[in-house]
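> Once you've had a glance at the structure underneath, I'll fire off some questions.
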Amino acid sequence: MNSVLETTESSYEIFIVDNNSQDGSYEKLKSYFSHFSNEASNGKINFINNPTNQGFAAANNIAIKKI
């Protein structure tokens with residue numbers, strides 16, 4: 001994802017969907033990508049935190065609905 005964020009291409013969005021993981025990965029990803037300023041990412045990193053594990057396909061569908 002770093003290479004996408006560092007590119008000069010501007011037509012992208014990244015969706016990170018967490019299915020209620022309990023290992024802290026959602027928080028780690030949010031923290032990691034916080035060093036990319038809003039200007040650099042241009043608001044193109046979207047975090048979705050599901051309150052329950054809805055399964056792989058449902059999580060993908062949730063992200064697709066945000067497009």
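Lettering and numbering for the structure tokens are positional, with chains as A, B, ... in the shown order, residues counted from 1 in each chain, and ligands counted from 1 in the shown order.
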Any idea what's packed within 12 Å of stretch 22-38 of chain A, counting only C-alpha atoms, ignoring anything in its chain fewer than 5 positions away? Could you give it as a VMD selection string?
chain A and resid 1 to 6 14 to 17 43 to 53
> Residues of chain A in strand (DSSP E) according to DSSP, as a PDB file with N, CA, C and O atoms, in the first residue's frame?

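Result file is states-v9.pdb:
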```
ATOM      1  N   ILE A  14      -8.308   3.310  -1.206  1.00  0.00           N
ATOM      2  CA  ILE A  14      -7.981   2.091  -0.464  1.00  0.00           C
ATOM      3  C   ILE A  14      -9.053   1.902   0.598  1.00  0.00           C
ATOM      4  O   ILE A  14      -9.360   2.823   1.353  1.00  0.00           O
ATOM      5  N   PHE A  15      -9.623   0.719   0.630  1.00  0.00           N
ATOM      6  CA  PHE A  15     -10.606   0.369   1.653  1.00  0.00           C
ATOM      7  C   PHE A  15     -10.016  -0.727   2.519  1.00  0.00           C
ATOM      8  O   PHE A  15      -9.627  -1.773   2.020  1.00  0.00           O
ATOM      9  N   ILE A  16      -9.948  -0.470   3.806  1.00  0.00           N
ATOM     10  CA  ILE A  16      -9.484  -1.461   4.770  1.00  0.00           C
ATOM     11  C   ILE A  16     -10.679  -1.815   5.636  1.00  0.00           C
ATOM     12  O   ILE A  16     -11.216  -0.967   6.345  1.00  0.00           O
ATOM     13  N   VAL A  17     -11.105  -3.074   5.536  1.00  0.00           N
ATOM     14  CA  VAL A  17     -12.285  -3.528   6.270  1.00  0.00           C
ATOM     15  C   VAL A  17     -11.837  -4.499   7.356  1.00  0.00           C
ATOM     16  O   VAL A  17     -11.173  -5.493   7.077  1.00  0.00           O
ATOM     17  N   ASP A  18     -12.199  -4.195   8.581  1.00  0.00           N
ATOM     18  CA  ASP A  18     -11.905  -5.074   9.703  1.00  0.00           C
ATOM     19  C   ASP A  18     -13.196  -5.761  10.128  1.00  0.00           C
ATOM     20  O   ASP A  18     -14.214  -5.103  10.335  1.00  0.00           O
ATOM     21  N   ILE A  45      -7.821   6.853   1.957  1.00  0.00           N
ATOM     22  CA  ILE A  45      -7.737   5.654   2.781  1.00  0.00           C
ATOM     23  C   ILE A  45      -9.006   5.600   3.606  1.00  0.00           C
ATOM     24  O   ILE A  45      -9.295   6.502   4.386  1.00  0.00           O
ATOM     25  N   ASN A  46      -9.788   4.560   3.410  1.00  0.00           N
ATOM     26  CA  ASN A  46     -11.074   4.415   4.081  1.00  0.00           C
ATOM     27  C   ASN A  46     -11.028   3.212   5.015  1.00  0.00           C
ATOM     28  O   ASN A  46     -10.790   2.096   4.562  1.00  0.00           O
ATOM     29  N   PHE A  47     -11.241   3.456   6.288  1.00  0.00           N
ATOM     30  CA  PHE A  47     -11.269   2.383   7.275  1.00  0.00           C
ATOM     31  C   PHE A  47     -12.716   2.066   7.628  1.00  0.00           C
ATOM     32  O   PHE A  47     -13.505   2.961   7.907  1.00  0.00           O
ATOM     33  N   ILE A  48     -13.027   0.791   7.591  1.00  0.00           N
ATOM     34  CA  ILE A  48     -14.365   0.326   7.959  1.00  0.00           C
ATOM     35  C   ILE A  48     -14.175  -0.714   9.058  1.00  0.00           C
ATOM     36  O   ILE A  48     -13.485  -1.710   8.861  1.00  0.00           O
ATOM     37  N   ASN A  49     -14.779  -0.480  10.196  1.00  0.00           N
ATOM     38  CA  ASN A  49     -14.642  -1.381  11.332  1.00  0.00           C
ATOM     39  C   ASN A  49     -16.001  -2.002  11.624  1.00  0.00           C
ATOM     40  O   ASN A  49     -16.865  -1.369  12.219  1.00  0.00           O
TER      41      ASN A  49
END
```
> Tell me, in Å to one decimal, how far atom CA of A:Glu13 is from atom CA of A:Ala57.
19.1 Å
> Could you tell me how far atom CA of A:Ser10 lies from atom CA of A:Lys66, in Å and to one decimal?
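Separation of atom CA of A:Ser10 and atom CA of A:Lys66: 18.0 Å.
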